[in-house]
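Raw structure_19.txt, compact mmCIF, C-alpha atoms:
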```
# COMPACT_ATOMS: atom_id res chain seq x y z
CA MET A 1 115.24 155.16 120.18
CA MET A 2 113.67 152.75 117.71
CA THR A 3 113.11 154.01 114.17
CA LEU A 4 109.85 153.43 112.35
CA ASP A 5 111.72 151.30 109.79
CA ARG A 6 113.10 149.04 112.52
CA PHE A 7 109.66 148.87 114.10
CA LYS A 8 108.12 147.84 110.79
CA SER A 9 110.82 145.27 110.20
CA LEU A 10 110.12 143.61 113.57
CA LEU A 11 106.40 143.85 112.93
CA ASP A 12 106.85 142.09 109.60
CA SER A 13 108.50 139.16 111.36
CA TYR A 14 106.95 138.83 114.79
CA GLY A 15 103.57 140.40 114.15
CA GLY A 16 101.60 142.77 116.31
CA ARG A 17 101.98 141.06 119.69
CA ILE A 18 104.90 142.86 121.24
CA GLU A 19 105.39 140.08 123.81
CA ARG A 20 106.64 137.86 120.95
CA TRP A 21 109.35 140.34 120.05
CA PRO A 22 112.95 139.96 121.24
CA SER A 23 113.01 141.16 124.84
CA LEU A 24 115.59 143.87 124.18
CA THR A 25 113.34 145.56 121.63
CA ARG A 26 110.04 145.60 123.51
CA GLN A 27 110.48 148.73 125.61
CA ASP A 28 111.79 150.73 122.64
CA ALA A 29 108.78 149.58 120.64
CA LEU A 30 106.39 150.67 123.37
CA ASP A 31 108.13 154.05 123.59
CA LEU A 32 107.76 154.54 119.85
CA LEU A 33 104.09 153.54 119.97
CA ALA A 34 103.47 156.10 122.67
CA HIS A 35 104.25 159.03 120.39
CA SER A 36 103.97 157.75 116.80
CA ALA A 37 100.57 157.52 115.15
CA ALA A 38 102.18 155.85 112.13
CA ALA A 39 103.57 153.09 114.37
CA ARG A 40 100.16 152.57 115.93
CA GLU A 41 98.57 152.29 112.51
CA LEU A 42 101.13 149.70 111.42
CA LEU A 43 100.54 147.79 114.64
CA GLU A 44 96.80 147.69 114.12
CA ASP A 45 97.23 146.42 110.57
CA ALA A 46 99.64 143.71 111.75
CA ARG A 47 97.23 142.62 114.48
CA ASP A 48 94.49 142.10 111.91
CA LEU A 49 96.75 139.68 110.08
CA ASP A 50 97.75 138.03 113.38
CA ASP A 51 94.11 137.41 114.23
CA ALA A 52 93.41 135.96 110.79
CA ILE A 53 96.45 133.66 111.05
CA ALA A 54 95.44 132.53 114.54
CA ARG A 55 91.88 131.76 113.45
CA ALA A 56 93.09 129.86 110.39
CA GLY A 57 95.48 127.84 112.57
CA GLU A 58 92.73 127.01 115.04
CA ALA A 59 90.47 125.99 112.19
CA GLN A 60 93.22 123.68 110.92
CA ASP A 61 93.70 122.22 114.39
CA SER A 62 90.01 121.52 114.81
CA ARG A 63 90.05 119.82 111.43
CA SER A 64 93.13 117.74 112.31
CA TRP A 65 92.01 116.94 115.84
CA PRO A 66 88.24 117.02 116.17
CA PRO A 67 86.88 116.78 119.74
CA GLY A 68 87.82 113.43 121.22
CA GLU A 69 90.39 112.70 118.54
CA THR A 70 93.20 114.34 120.51
CA THR A 71 92.61 111.94 123.39
CA ALA A 72 92.54 108.97 121.01
CA ALA A 73 95.69 110.18 119.24
CA MET A 74 97.48 110.55 122.57
CA ALA A 75 96.45 107.06 123.64
CA ARG A 76 97.81 105.67 120.37
CA LEU A 77 101.02 107.65 120.74
CA ARG A 78 101.67 106.41 124.28
CA ALA A 79 100.90 102.81 123.40
CA ARG A 80 103.10 102.80 120.30
CA VAL A 81 106.01 104.57 121.96
CA SER A 82 105.80 102.21 124.96
CA ALA A 83 105.85 99.20 122.66
CA ARG A 84 108.84 100.49 120.71
CA ILE A 85 110.94 101.42 123.71
CA ALA A 86 110.25 98.11 125.42
CA ALA A 87 113.47 96.98 123.71
CA PRO A 88 116.83 97.57 125.54
CA ALA A 89 117.12 100.81 127.48
CA PRO A 90 119.35 103.62 126.17
CA ALA A 91 121.82 103.20 129.02
CA LEU A 92 122.39 99.61 127.95
CA ASN A 93 122.62 100.57 124.29
CA SER A 94 125.41 102.99 125.05
CA GLN A 95 127.48 100.24 126.69
CA ARG A 96 128.08 98.23 123.57
CA THR A 97 131.36 96.36 123.58
CA GLU A 98 133.75 97.93 121.14
CA PRO A 99 136.89 96.23 119.78
CA SER A 100 139.78 97.39 121.91
CA SER A 101 142.52 97.63 119.32
CA LEU A 102 143.02 98.69 115.72
CA TRP A 103 143.61 95.11 114.63
CA ALA A 104 140.50 93.93 116.37
CA THR A 105 138.57 96.71 114.67
CA LEU A 106 139.95 95.79 111.26
CA LEU A 107 139.22 92.12 111.70
CA LEU A 108 135.86 92.35 113.39
CA LYS A 109 134.34 95.26 111.50
CA PRO A 110 135.75 95.14 107.98
CA LEU A 111 132.67 96.68 106.38
CA GLN A 112 132.20 99.61 108.71
CA PRO A 113 131.45 102.94 107.00
CA GLY A 114 133.58 106.10 106.97
CA TRP A 115 137.33 106.41 107.60
CA GLY A 116 137.42 103.06 109.37
CA GLY A 117 136.13 101.37 106.24
CA LEU A 118 138.62 103.22 104.06
CA LEU A 119 141.51 102.20 106.30
CA THR A 120 140.34 98.60 106.42
CA GLY A 121 139.98 98.49 102.64
CA GLY A 122 143.44 99.94 102.14
CA VAL A 123 145.10 97.48 104.49
CA LEU A 124 143.30 94.54 102.88
CA ALA A 125 144.28 95.70 99.38
CA VAL A 126 147.97 96.04 100.32
CA ALA A 127 147.94 92.64 102.01
CA ALA A 128 146.33 91.01 98.96
CA GLY A 129 148.90 92.65 96.67
CA LEU A 130 151.78 91.31 98.75
CA ILE A 131 150.36 87.79 98.79
CA VAL A 132 149.73 87.73 95.02
CA GLY A 133 153.19 89.17 94.35
CA MET A 134 154.86 86.52 96.49
CA LEU A 135 152.92 83.69 94.84
CA TYR A 136 153.62 84.68 91.22
CA THR A 137 157.21 85.93 91.40
CA SER A 138 159.58 83.31 89.81
CA THR A 139 163.01 82.56 91.27
CA PRO A 140 165.95 84.49 89.68
CA PRO A 141 167.53 82.73 86.67
CA PRO A 142 171.08 81.49 86.96
CA GLY A 143 173.91 83.45 85.39
CA ASN A 144 174.49 87.13 84.94
CA VAL A 145 171.00 88.51 84.81
CA LEU A 146 172.28 92.06 84.32
CA LEU A 147 173.39 91.18 80.76
CA LEU A 148 169.77 90.87 79.80
CA LEU A 149 169.20 94.45 80.76
CA GLU A 150 171.96 95.88 78.50
CA PRO A 151 170.64 97.63 75.34
CA THR A 152 170.90 95.77 72.09
CA PRO A 153 172.97 97.71 69.46
CA LEU A 154 170.88 99.19 66.65
CA GLN A 155 171.26 97.33 63.36
CA ILE A 156 171.86 100.44 61.21
CA PHE A 157 175.10 101.22 63.07
CA SER A 158 176.27 97.67 63.09
CA ASP A 159 179.26 96.66 60.90
CA SER A 160 178.01 93.20 60.61
CA PRO A 161 176.39 92.29 57.24
CA ARG A 162 172.64 91.72 57.17
CA MET B 1 112.38 112.79 145.36
CA SER B 2 111.26 109.19 145.54
CA ARG B 3 110.10 107.58 142.33
CA SER B 4 107.19 106.03 144.15
CA HIS B 5 105.61 109.48 144.38
CA GLY B 6 103.22 110.52 141.63
CA LEU B 7 105.06 111.41 138.47
CA GLN B 8 102.62 114.21 137.66
CA SER B 9 104.32 116.54 140.11
CA THR B 10 107.83 115.55 139.07
CA THR B 11 109.95 118.19 137.36
CA GLU B 12 110.95 117.87 133.74
CA GLU B 13 114.63 117.64 134.72
CA GLN B 14 113.96 114.76 137.09
CA LEU B 15 111.87 112.91 134.51
CA VAL B 16 114.66 113.33 131.97
CA ALA B 17 117.25 112.05 134.47
CA TRP B 18 115.15 109.01 135.38
CA SER B 19 114.41 108.30 131.73
CA ALA B 20 118.13 108.43 131.00
CA SER B 21 118.64 105.71 133.59
CA GLY B 22 116.12 103.50 131.79
CA ASP B 23 112.90 104.34 133.68
CA ARG B 24 110.16 103.84 131.11
CA ARG B 25 107.42 105.11 133.42
CA ALA B 26 109.22 108.42 133.75
CA PHE B 27 109.56 108.61 129.98
CA ASP B 28 105.87 107.80 129.55
CA GLU B 29 105.13 110.81 131.73
CA LEU B 30 107.20 112.95 129.32
CA VAL B 31 105.18 111.52 126.42
CA LEU B 32 101.97 112.30 128.27
CA ARG B 33 103.12 115.81 129.11
CA TYR B 34 104.58 116.85 125.76
CA GLY B 35 102.84 114.50 123.32
CA PRO B 36 100.03 116.97 122.56
CA TYR B 37 102.60 119.64 121.63
CA ALA B 38 104.52 117.24 119.41
CA LEU B 39 101.33 116.15 117.67
CA ARG B 40 100.11 119.69 117.19
CA VAL B 41 103.41 121.02 115.83
CA ALA B 42 103.80 118.05 113.51
CA ALA B 43 100.20 118.36 112.28
CA ARG B 44 100.64 122.05 111.58
CA ILE B 45 103.81 121.42 109.60
CA VAL B 46 102.97 118.25 107.66
CA GLN B 47 99.26 119.06 107.34
CA ASN B 48 98.31 115.42 107.68
CA ARG B 49 97.01 113.78 110.86
CA ALA B 50 98.35 110.27 110.20
CA LEU B 51 101.78 111.57 109.25
CA ALA B 52 101.80 113.82 112.30
CA GLU B 53 101.18 110.82 114.55
CA ASP B 54 104.01 108.92 112.86
CA VAL B 55 106.35 111.88 113.27
CA ALA B 56 105.47 112.34 116.96
CA GLN B 57 105.93 108.65 117.63
CA GLU B 58 109.31 108.54 115.89
CA ALA B 59 110.41 111.72 117.66
CA PHE B 60 109.74 110.24 121.10
CA VAL B 61 111.47 106.98 120.24
CA ARG B 62 114.52 108.98 119.14
CA CYS B 63 114.33 111.00 122.34
CA TRP B 64 114.35 107.77 124.32
CA SER B 65 117.33 106.36 122.48
CA GLN B 66 119.35 109.57 122.91
CA ILE B 67 118.10 110.83 126.24
CA HIS B 68 121.21 109.73 128.11
CA ARG B 69 123.10 112.30 125.99
CA PHE B 70 120.64 115.12 126.60
CA ASP B 71 121.86 117.79 129.03
CA PRO B 72 118.95 119.74 130.60
CA ARG B 73 121.38 122.53 131.51
CA GLN B 74 121.98 123.19 127.81
CA ALA B 75 118.39 123.30 126.56
CA ARG B 76 114.81 122.66 127.56
CA PHE B 77 113.41 119.23 126.78
CA THR B 78 110.68 120.78 124.66
CA THR B 79 113.22 122.67 122.54
CA TRP B 80 115.03 119.39 121.89
CA LEU B 81 111.76 117.57 121.18
CA TYR B 82 110.59 120.29 118.80
CA ARG B 83 113.91 120.13 116.99
CA ILE B 84 113.52 116.40 116.41
CA VAL B 85 109.88 116.84 115.35
CA VAL B 86 110.67 119.65 112.92
CA ASN B 87 113.64 117.81 111.44
CA LEU B 88 111.53 114.71 110.91
CA CYS B 89 108.83 116.79 109.22
CA ILE B 90 111.37 118.46 106.95
CA ASP B 91 113.03 115.13 106.19
CA LEU B 92 109.83 113.64 104.87
CA LYS B 93 110.86 113.01 101.31
CA ARG B 94 107.55 113.05 99.64
CA ARG B 95 105.12 115.65 100.80
CA PRO B 96 101.62 114.24 100.51
CA GLU B 97 98.78 116.44 99.53
CA PRO B 98 97.08 118.00 102.54
CA GLU B 99 93.83 116.39 103.54
CA PRO B 100 91.02 118.05 101.57
CA LEU B 101 88.93 120.53 103.49
CA PRO B 102 85.65 118.89 104.50
CA GLU B 103 82.32 120.26 103.46
CA ASP B 104 81.50 121.43 106.97
CA PHE B 105 84.91 123.06 107.42
CA ASP B 106 84.63 125.99 109.83
CA ARG B 107 80.84 125.84 109.95
CA ILE B 108 79.18 129.18 110.50
CA ASP B 109 77.69 129.83 113.91
CA ALA B 110 73.98 130.43 113.31
CA GLY B 111 73.78 132.70 116.32
CA ALA B 112 76.29 135.19 115.01
CA ASP B 113 75.76 137.96 112.50
CA ALA B 114 75.42 136.01 109.27
CA GLU B 115 77.21 138.40 106.93
CA GLU B 116 80.08 138.99 109.29
CA MET B 117 80.50 135.27 109.96
CA MET B 118 80.38 134.48 106.26
CA GLU B 119 83.19 136.94 105.67
CA TYR B 120 85.25 135.53 108.56
CA SER B 121 84.67 131.98 107.41
CA GLU B 122 85.74 132.77 103.88
CA ARG B 123 88.88 134.52 105.09
CA ASP B 124 89.75 131.69 107.47
CA THR B 125 89.29 129.05 104.81
CA LEU B 126 91.35 131.07 102.38
CA LEU B 127 94.10 131.62 104.90
CA ALA B 128 94.05 127.97 106.01
CA ARG B 129 94.72 127.03 102.39
CA ALA B 130 97.43 129.67 102.14
CA LEU B 131 99.06 128.27 105.29
CA SER B 132 99.13 124.85 103.65
CA ASP B 133 100.89 126.32 100.63
CA LEU B 134 103.74 127.83 102.63
CA PRO B 135 107.16 126.16 102.33
CA MET B 136 107.81 123.75 105.18
CA ARG B 137 110.41 125.85 107.01
CA GLN B 138 108.24 128.96 106.88
CA ARG B 139 105.36 126.95 108.27
CA ALA B 140 107.61 125.54 110.97
CA ALA B 141 108.85 129.01 111.98
CA LEU B 142 105.32 130.36 112.06
CA THR B 143 104.09 127.42 114.16
CA LEU B 144 106.95 127.63 116.65
CA VAL B 145 106.83 131.39 117.20
CA TYR B 146 103.16 132.25 116.69
CA ASP B 147 101.49 129.10 117.96
CA GLN B 148 103.93 127.60 120.46
CA GLY B 149 105.19 130.93 121.75
CA LEU B 150 108.89 130.27 121.25
CA SER B 151 111.17 133.28 121.05
CA GLY B 152 113.09 133.94 117.85
CA ALA B 153 116.24 132.60 119.53
CA GLU B 154 114.49 129.38 120.65
CA ALA B 155 112.98 128.87 117.21
CA ALA B 156 116.44 129.37 115.71
CA ARG B 157 117.82 126.60 117.95
CA VAL B 158 114.98 124.29 116.93
CA LEU B 159 115.49 125.00 113.24
CA GLY B 160 119.28 124.86 113.50
CA SER B 161 119.43 128.38 112.18
CA THR B 162 120.04 131.99 113.25
CA VAL B 163 117.59 134.50 114.69
CA LYS B 164 117.95 136.63 111.55
CA ALA B 165 117.14 133.64 109.35
CA VAL B 166 114.06 132.87 111.45
CA GLU B 167 112.95 136.50 111.17
CA ARG B 168 113.30 136.30 107.40
CA LEU B 169 111.25 133.08 107.30
CA LEU B 170 108.52 134.73 109.37
CA ALA B 171 108.55 137.89 107.28
CA ARG B 172 108.27 135.93 104.03
CA ALA B 173 105.43 133.83 105.43
CA ARG B 174 103.51 136.89 106.62
CA ALA B 175 104.05 138.71 103.33
CA TYR B 176 102.75 135.71 101.40
CA LEU B 177 99.71 135.30 103.63
CA ARG B 178 98.93 139.00 103.40
CA ILE B 179 99.09 138.91 99.60
CA ARG B 180 96.86 135.84 99.46
CA LEU B 181 94.38 137.46 101.78
CA ARG B 182 94.29 140.73 99.85
CA SER B 183 94.11 139.07 96.45
CA ARG B 184 90.67 137.67 97.31
CA GLN B 185 89.30 140.72 99.07
CA PRO B 186 87.06 142.88 96.92
CA ALA B 187 88.23 146.43 96.46
CA GLU B 188 86.36 149.08 98.43
CA SER B 189 84.81 150.43 95.21
CA ASP B 190 83.37 146.98 94.43
CA ARG B 191 81.42 146.81 97.67
```

Now, as a test, write the supplied structure out as structure tokens.
Amino acid sequence: MMTLDRFKSLLDSYGGRIERWPSLTRQDALDLLAHSAAARELLEDARDLDDAIARAGEAQDSRSWPPGETTAAMARLRARVSARIAAPAPALNSQRTEPSSLWATLLLKPLQPGWGGLLTGGVLAVAAGLIVGMLYTSTPPPGNVLLLLEPTPLQIFSDSPR
Amino acid sequence: MSRSHGLQSTTEEQLVAWSASGDRRAFDELVLRYGPYALRVAARIVQNRALAEDVAQEAFVRCWSQIHRFDPRQARFTTWLYRIVVNLCIDLKRRPEPEPLPEDFDRIDAGADAEEMMEYSERDTLLARALSDLPMRQRAALTLVYDQGLSGAEAARVLGSTVKAVERLLARARAYLRIRLRSRQPAESDR
């Protein structure tokens, strides 16, 4: 059994035409209407607003599409859509050739957006770092290089005169 | 069914399937069949005839480019079309001012009872303005359910939302319209 509160809640959303209501609620609503004067009063009030909304919508439509204008608007729509879709068909668009491997993707589409772009950027940055490092690294000096890395004794503990 | 037969009697599913295979004539029949709905829904939401035509045109072009991905077993073509139309309307970055109401807006029928018609006309004009002031999603929900006859569940699919959310949009829209309507009505004691 539908409560009056539930009835009012549905009325507030769907208005007074019960056929708009969710199908599972319609019979319960009709049952409530059959024995509740309060429900009938709410329904009548909602239908007044429905009628006003419908008339306002129709008035807007007749303003947007005066007689004859709908036909003209449809003719324009068909012509413009036809012209725009005269380009390749969707079936052909979906058969674009894609690079088959990761390397091909990286090389052919280096500026692609998203994760692909991030991956490409990362690989290129690492590669550039390796190349720069190899170019600017000098050859090791002769002799015992490890001596250079030993700490120099602090002067204050040194026995040697200044 | 042979494609040489008239397209007017062809089912929506068949037209969609032929369009997906690149048949532009079949797609033109879909435009012819559902174009008026797309134009009307767009006009109600954006409140501007030129913009509504742009939206409808763009919606059909998008339909064409994606129709090979559309599965008629999952949804009706109109639900999909409405979804594209509504999303395009909502995506319009700058909302232009609605076209001003013309002087002869909702002209009174001379044959009808003058006082009654004057009252109706005033209410309709007032409510038409109130409809224009509604937020876009409320206007979309109202158009889809009240004007196009979609169920709450269908409207929810179009709006990418839930049935409860659609019901809230409708309730807020109705409450606003009711307040606007009552705010201009003279009290009984004033009459």

Next on the checklist: Tell me as an NGL selection string which residues belonging to chain A come within 10 Å of chain B, counting all atoms listed in the file.
Outcome noted: :A and (9-15 or 17 or 19-23 or 46 or 49-65 or 70-71 or 73-86 or 88-94)

Residues of the last selection are to be written out with C-alpha atoms, as a PDB file, in the frame of the given file.
```
ATOM      1  CA  SER A   9     110.820 145.270 110.200  1.00  0.00           C
ATOM      2  CA  LEU A  10     110.120 143.610 113.570  1.00  0.00           C
ATOM      3  CA  LEU A  11     106.400 143.850 112.930  1.00  0.00           C
ATOM      4  CA  ASP A  12     106.850 142.090 109.600  1.00  0.00           C
ATOM      5  CA  SER A  13     108.500 139.160 111.360  1.00  0.00           C
ATOM      6  CA  TYR A  14     106.950 138.830 114.790  1.00  0.00           C
ATOM      7  CA  GLY A  15     103.570 140.400 114.150  1.00  0.00           C
ATOM      8  CA  ARG A  17     101.980 141.060 119.690  1.00  0.00           C
ATOM      9  CA  GLU A  19     105.390 140.080 123.810  1.00  0.00           C
ATOM     10  CA  ARG A  20     106.640 137.860 120.950  1.00  0.00           C
ATOM     11  CA  TRP A  21     109.350 140.340 120.050  1.00  0.00           C
ATOM     12  CA  PRO A  22     112.950 139.960 121.240  1.00  0.00           C
ATOM     13  CA  SER A  23     113.010 141.160 124.840  1.00  0.00           C
ATOM     14  CA  ALA A  46      99.640 143.710 111.750  1.00  0.00           C
ATOM     15  CA  LEU A  49      96.750 139.680 110.080  1.00  0.00           C
ATOM     16  CA  ASP A  50      97.750 138.030 113.380  1.00  0.00           C
ATOM     17  CA  ASP A  51      94.110 137.410 114.230  1.00  0.00           C
ATOM     18  CA  ALA A  52      93.410 135.960 110.790  1.00  0.00           C
ATOM     19  CA  ILE A  53      96.450 133.660 111.050  1.00  0.00           C
ATOM     20  CA  ALA A  54      95.440 132.530 114.540  1.00  0.00           C
ATOM     21  CA  ARG A  55      91.880 131.760 113.450  1.00  0.00           C
ATOM     22  CA  ALA A  56      93.090 129.860 110.390  1.00  0.00           C
ATOM     23  CA  GLY A  57      95.480 127.840 112.570  1.00  0.00           C
ATOM     24  CA  GLU A  58      92.730 127.010 115.040  1.00  0.00           C
ATOM     25  CA  ALA A  59      90.470 125.990 112.190  1.00  0.00           C
ATOM     26  CA  GLN A  60      93.220 123.680 110.920  1.00  0.00           C
ATOM     27  CA  ASP A  61      93.700 122.220 114.390  1.00  0.00           C
ATOM     28  CA  SER A  62      90.010 121.520 114.810  1.00  0.00           C
ATOM     29  CA  ARG A  63      90.050 119.820 111.430  1.00  0.00           C
ATOM     30  CA  SER A  64      93.130 117.740 112.310  1.00  0.00           C
ATOM     31  CA  TRP A  65      92.010 116.940 115.840  1.00  0.00           C
ATOM     32  CA  THR A  70      93.200 114.340 120.510  1.00  0.00           C
ATOM     33  CA  THR A  71      92.610 111.940 123.390  1.00  0.00           C
ATOM     34  CA  ALA A  73      95.690 110.180 119.240  1.00  0.00           C
ATOM     35  CA  MET A  74      97.480 110.550 122.570  1.00  0.00           C
ATOM     36  CA  ALA A  75      96.450 107.060 123.640  1.00  0.00           C
ATOM     37  CA  ARG A  76      97.810 105.670 120.370  1.00  0.00           C
ATOM     38  CA  LEU A  77     101.020 107.650 120.740  1.00  0.00           C
ATOM     39  CA  ARG A  78     101.670 106.410 124.280  1.00  0.00           C
ATOM     40  CA  ALA A  79     100.900 102.810 123.400  1.00  0.00           C
ATOM     41  CA  ARG A  80     103.100 102.800 120.300  1.00  0.00           C
ATOM     42  CA  VAL A  81     106.010 104.570 121.960  1.00  0.00           C
ATOM     43  CA  SER A  82     105.800 102.210 124.960  1.00  0.00           C
ATOM     44  CA  ALA A  83     105.850  99.200 122.660  1.00  0.00           C
ATOM     45  CA  ARG A  84     108.840 100.490 120.710  1.00  0.00           C
ATOM     46  CA  ILE A  85     110.940 101.420 123.710  1.00  0.00           C
ATOM     47  CA  ALA A  86     110.250  98.110 125.420  1.00  0.00           C
ATOM     48  CA  PRO A  88     116.830  97.570 125.540  1.00  0.00           C
ATOM     49  CA  ALA A  89     117.120 100.810 127.480  1.00  0.00           C
ATOM     50  CA  PRO A  90     119.350 103.620 126.170  1.00  0.00           C
ATOM     51  CA  ALA A  91     121.820 103.200 129.020  1.00  0.00           C
ATOM     52  CA  LEU A  92     122.390  99.610 127.950  1.00  0.00           C
ATOM     53  CA  ASN A  93     122.620 100.570 124.290  1.00  0.00           C
ATOM     54  CA  SER A  94     125.410 102.990 125.050  1.00  0.00           C
TER      55      SER A  94
END
```

Item to check | Nearby residues (only C-alpha atoms) at most 12 Å from Asp31 of chain A, same-chain spacing under 2 positions excluded, as a ChimeraX atom specification | outcome: /A:1-4,7,18,25-29,33-37,39-40

Checklist entry - At what distance in Å, to one decimal, does atom CA of Tyr37 of chain B lie from atom CA of Gln148 of chain B? => result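 Interatomic distance here is 8.2 Å.
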
Checklist entry - B:Ala26, B:Leu144, B:Ile90, B:Ala38: which is nearest Gln14 of chain B, counting all atoms listed in the file? => result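 Of B:Ala26, B:Leu144, B:Ile90, B:Ala38, the one nearest Gln14 of chain B is B:Ala26, counting all atoms listed in the file.
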
Checklist outcome for this item: re atom CA of Trp18 of chain B and atom CA of Ala156 of chain B: distance 28.3 Å

Item to check | Atomic separation - atom CA of Arg139 of chain B relative to atom CA of Val86 of chain B, Å | outcome: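 Spanning atom CA of Val86 of chain B to atom CA of Arg139 of chain B is a straight-line distance of 10.2 Å.
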